[in-house]
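Visitor: Following this message is one structure expressed as structure tokens.
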Number of protein chains: 2
Amino acid sequence: MAGMMKAEWLALGDACPVRLLLDRIGDRWSVLVLTELDPGVRRFSELRRSIPDISQRMLTQTLRSLETDGFISRTVFPTVPPRVDYELTDLGRSLMVPLGGLIDWVKANDATVRGARRQPTTMPGEPASSRPTMAAAG
Amino acid sequence: MAGMMKAEWLALGDACPVRLLLDRIGDRWSVLVLTELDPGVRRFSELRRSIPDISQRMLTQTLRSLETDGFISRTVFPTVPPRVDYELTDLGRSLMVPLGGLIDWVKANDATVRGARRQPTTMPGEPASSRPTMAAAG
DNA sequence: CTGTATCCGCGAGGATACTG
DNA sequence: CAGTATCCTCGCGGATACAG
């Protein structure tokens with residue numbers, strides 16, 4: 001990437017690493033599941049209880065996706081009733097380092113983020129000139 | 001949050017900070033726009049050129065959302081033709097620290113992430129017992 | 001217990017045309 | 001230049017039923 005401006009690789013579409021990650025863990029449940037697996041191995045039913053509002057279908061689908069992408073491993077115990085363990089891979093644990101940093105930021109700034117919510121300078125149907133965040137013409 | 005287990009606040013739904021952030025910047029374009037604004041102030045048309053595959057509608061919508069959430073500021077110059085500057089707020093710059101860590105990880109592990117893609121242990125229609133990642137019964 | 005299969009609603013987001 | 005307004009598609013994800 002030597003000599004490559006940021007705007008350039010951002011413009012690469014599928015080749016953009018940021019988009020790549022967002023496509024993998026930017027969905028509704030992946031980060032939640034990864035966070036649940038951070039402390040250690042969990043089985044399917046434990047994950048269901050930990051994330052009550054996820055549907056069975058989406059939990060399975062999310063786990064398959066994370067497994068396909070190499071972030072978690074899946075271990076089947078051929079017992080009856082069946083048992084399946086899920087665990088972060090080395091890649092998954094590696095990801096949890098910066099991801100944990102982001103999560104920590106969110107927890108630390110939770111109140112601030114909620115409080116920061118305000119009216120945008122322009123509302124639909126309203127002329128932009130009727131609002132404050134204005135600068136003098138150059 | 002003293003004495004509160006992770007699984008508990010994860011289960012809080014709307015009260016979960018992780019979900020809160022994902023709802024705000026977990027969409028297709030927010031992180032890209034934030035990254036473009038990281039070096040400094042940018043105007044609307046510059047952002048469009050920097051992110052060619054974003055539609056005008058989505059750029060506007062993403063900018064409004066980020067502004068509403070307090071991550072960026074919007075400054076209108078009442079000139080003709082009009083000019084609008086976008087810039088990270090203190091909150092936005094604060095967010096870019098851990099977010100930058102994640103982006104750095106993605107860039108550093110780009111090849112690994114792409115290479116990690118493999119077959120899941122179970123494919124639809126295939127019995128789980130026909131695949132390797134198996135453990136001995138307890 | 002750990003899934004699969006099927007149906008379906010809803011909303012994110014693209015395309016296009018128009019405006020101050 | 002910097003948006004709005006409108007229409008429309010597509011697929012995420014919920015609900016439900018069934019299976020090994």
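FYI, nothing fancy with the structure tokens labels: chains A, B, ... in order, residues from 1 per chain, ligands from 1 as they appear.
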Which residues of chain C come within 10 Å of chain A, and for each one, what is the closest pair of atoms and their distance in Å to one decimal, counting only C-alpha atoms (C1' of nucleotides), sorted by chain and residue number, as a tab-separated table?

Guide:
```
residue	atom	partner	partner_atom	distance
C:DC1	C1'	A:Pro81	CA	5.5
C:DT2	C1'	A:Pro82	CA	6.7
C:DG3	C1'	A:Thr60	CA	7.7
C:DT4	C1'	A:Arg57	CA	8.9
C:DG20	C1'	A:Pro127	CA	9.1
```

Visitor: Only N, CA, C and O atoms (P, O5', C5', C4', C3', O3' and C1' of nucleotides), please: the residues just picked out, written as an mmCIF file, in the first residue's frame.

Guide:
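Contents of the output file part.cif:
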```cif
data_model
loop_
_atom_site.group_PDB
_atom_site.id
_atom_site.type_symbol
_atom_site.label_atom_id
_atom_site.label_comp_id
_atom_site.auth_asym_id
_atom_site.auth_seq_id
_atom_site.Cartn_x
_atom_site.Cartn_y
_atom_site.Cartn_z
ATOM 1 P P DC C 1 -32.516 -28.343 25.933
ATOM 2 O "O5'" DC C 1 -31.840 -29.623 25.216
ATOM 3 C "C5'" DC C 1 -30.511 -29.910 25.581
ATOM 4 C "C4'" DC C 1 -29.648 -30.078 24.344
ATOM 5 C "C3'" DC C 1 -29.328 -28.772 23.613
ATOM 6 O "O3'" DC C 1 -27.961 -28.796 23.199
ATOM 7 C "C1'" DC C 1 -30.477 -30.240 22.146
ATOM 8 P P DT C 2 -27.228 -27.479 22.492
ATOM 9 O "O5'" DT C 2 -27.447 -27.737 20.941
ATOM 10 C "C5'" DT C 2 -26.777 -28.830 20.309
ATOM 11 C "C4'" DT C 2 -27.185 -28.918 18.855
ATOM 12 C "C3'" DT C 2 -27.040 -27.616 18.064
ATOM 13 O "O3'" DT C 2 -26.497 -27.896 16.795
ATOM 14 C "C1'" DT C 2 -29.197 -28.438 17.809
ATOM 15 P P DG C 3 -25.793 -26.621 15.967
ATOM 16 O "O5'" DG C 3 -27.016 -25.686 15.569
ATOM 17 C "C5'" DG C 3 -27.420 -25.602 14.248
ATOM 18 C "C4'" DG C 3 -28.331 -26.772 13.862
ATOM 19 C "C3'" DG C 3 -29.045 -26.574 12.550
ATOM 20 O "O3'" DG C 3 -28.233 -27.006 11.480
ATOM 21 C "C1'" DG C 3 -30.461 -27.579 14.224
ATOM 22 P P DT C 4 -28.240 -26.257 10.081
ATOM 23 O "O5'" DT C 4 -29.265 -27.047 9.117
ATOM 24 C "C5'" DT C 4 -30.208 -27.860 9.636
ATOM 25 C "C4'" DT C 4 -31.303 -28.227 8.647
ATOM 26 C "C3'" DT C 4 -31.498 -27.385 7.382
ATOM 27 O "O3'" DT C 4 -32.053 -28.215 6.370
ATOM 28 C "C1'" DT C 4 -33.338 -27.067 8.846
ATOM 29 P P DG C 20 -37.549 25.803 -5.840
ATOM 30 O "O5'" DG C 20 -36.581 26.484 -4.758
ATOM 31 C "C5'" DG C 20 -36.230 25.788 -3.564
ATOM 32 C "C4'" DG C 20 -34.943 26.375 -3.006
ATOM 33 C "C3'" DG C 20 -34.746 27.862 -3.287
ATOM 34 O "O3'" DG C 20 -33.998 28.428 -2.220
ATOM 35 C "C1'" DG C 20 -33.026 26.633 -4.347
#
```

Visitor: Please, which residues in chain D fall within 10 Å of chain A when counting only C-alpha atoms (C1' of nucleotides), and what is the closest atom pair and distance in Å to one decimal for each, ordered by chain then residue number, as a tab-separated table?

Guide:
```
residue	atom	partner	partner_atom	distance
D:DT4	C1'	A:Pro124	CA	7.8
D:DC12	C1'	A:Asp27	CA	8.9
D:DG13	C1'	A:Met58	CA	7.1
D:DG14	C1'	A:Ser55	CA	7.2
D:DA15	C1'	A:Ser55	CA	9.1
D:DG20	C1'	A:Pro82	CA	9.5
```

Visitor: Please produce an output containing C-alpha atoms (C1' of nucleotides) for each residue in the selection, written as a short mmCIF file (atom, residue, chain, number, x, y, z; two decimals), in the first residue's frame.

Guide:
```cif
data_model
loop_
_atom_site.label_atom_id
_atom_site.label_comp_id
_atom_site.auth_asym_id
_atom_site.auth_seq_id
_atom_site.Cartn_x
_atom_site.Cartn_y
_atom_site.Cartn_z
"C1'" DT D 4 -35.25 16.64 -1.79
"C1'" DC D 12 -32.10 -9.30 6.38
"C1'" DG D 13 -34.21 -11.24 9.83
"C1'" DG D 14 -38.62 -12.76 12.51
"C1'" DA D 15 -42.18 -16.55 13.00
"C1'" DG D 20 -32.17 -36.10 13.68
#
```

Visitor: Run DSSP on the backbone of this structure and report the residues of range 32-92 of chain B it assigns to strand (DSSP E), as a ChimeraX atom specification.

Guide: /B:42-43,72-77,83-88

Visitor: Would you save the residues from that selection as a tab-separated table (two decimals), in the first residue's frame, using N, CA, C and O atoms?

Guide:
```
chain	number	residue	atom	x	y	z
B	42	ARG	N	-14.13	18.33	5.26
B	42	ARG	CA	-14.41	18.00	3.87
B	42	ARG	C	-15.76	18.57	3.47
B	42	ARG	O	-16.66	18.65	4.30
B	43	ARG	N	-15.89	18.94	2.22
B	43	ARG	CA	-17.20	19.39	1.79
B	43	ARG	C	-17.94	18.27	1.06
B	43	ARG	O	-17.35	17.23	0.71
B	72	ILE	N	-20.34	14.37	13.95
B	72	ILE	CA	-19.82	15.36	13.01
B	72	ILE	C	-20.61	16.66	13.12
B	72	ILE	O	-21.73	16.68	13.62
B	73	SER	N	-20.00	17.73	12.64
B	73	SER	CA	-20.69	19.01	12.59
B	73	SER	C	-20.90	19.42	11.13
B	73	SER	O	-20.16	18.99	10.24
B	74	ARG	N	-21.91	20.22	10.89
B	74	ARG	CA	-22.26	20.65	9.54
B	74	ARG	C	-22.27	22.19	9.52
B	74	ARG	O	-22.94	22.82	10.33
B	75	THR	N	-21.52	22.75	8.60
B	75	THR	CA	-21.43	24.20	8.51
B	75	THR	C	-21.85	24.67	7.12
B	75	THR	O	-21.25	24.29	6.12
B	76	VAL	N	-22.88	25.50	7.08
B	76	VAL	CA	-23.40	26.00	5.81
B	76	VAL	C	-22.84	27.39	5.52
B	76	VAL	O	-22.95	28.29	6.34
B	77	PHE	N	-22.25	27.56	4.33
B	77	PHE	CA	-21.81	28.88	3.87
B	77	PHE	C	-22.85	29.41	2.91
B	77	PHE	O	-23.06	28.82	1.84
B	83	ARG	N	-22.15	26.08	-0.26
B	83	ARG	CA	-21.04	25.25	0.17
B	83	ARG	C	-21.30	24.76	1.59
B	83	ARG	O	-21.72	25.54	2.45
B	84	VAL	N	-21.08	23.47	1.82
B	84	VAL	CA	-21.32	22.89	3.14
B	84	VAL	C	-20.09	22.10	3.57
B	84	VAL	O	-19.61	21.25	2.83
B	85	ASP	N	-19.59	22.43	4.74
B	85	ASP	CA	-18.43	21.72	5.28
B	85	ASP	C	-18.84	20.74	6.36
B	85	ASP	O	-19.71	21.04	7.18
B	86	TYR	N	-18.20	19.59	6.35
B	86	TYR	CA	-18.43	18.59	7.39
B	86	TYR	C	-17.12	18.33	8.11
B	86	TYR	O	-16.06	18.29	7.50
B	87	GLU	N	-17.23	18.15	9.44
B	87	GLU	CA	-16.03	17.98	10.24
B	87	GLU	C	-16.35	17.12	11.46
B	87	GLU	O	-17.46	17.17	11.99
B	88	LEU	N	-15.38	16.35	11.92
B	88	LEU	CA	-15.57	15.57	13.13
B	88	LEU	C	-15.71	16.50	14.32
B	88	LEU	O	-15.03	17.52	14.43
```

Visitor: Give me every alpha helix (DSSP H) residue in range 34-129 of chain A, going by DSSP on the backbone, as a PyMOL selection string.

Guide: chain A and resi 34-37+44-50+56-68+90-108+110-116

Visitor: Would you mind reading off the distance between CA of Pro78 in chain B and CA of Arg49 in chain B, one decimal, in Å?

Guide: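 A separation of 22.4 Å between them.
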
Visitor: To one decimal place in Å, what is the distance between CA of Ala116 in chain B and CA of Gly40 in chain A?

Guide: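 CA of Gly40 in chain A lies at a distance of 20.7 Å from CA of Ala116 in chain B.
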
Visitor: Figure out the distance between CA of Leu91 in chain B and C1' of DG11 in chain C, please, to one decimal in Å.

Guide: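 CA of Leu91 in chain B lies at a distance of 28.5 Å from C1' of DG11 in chain C.
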
Visitor: Could you tell me which of B:Val106, B:Leu66, B:Leu34, B:Leu59 comes closest to chain A if we count only C-alpha atoms?

Guide: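 Among B:Val106, B:Leu66, B:Leu34, B:Leu59, it is B:Val106 that comes nearest to chain A.
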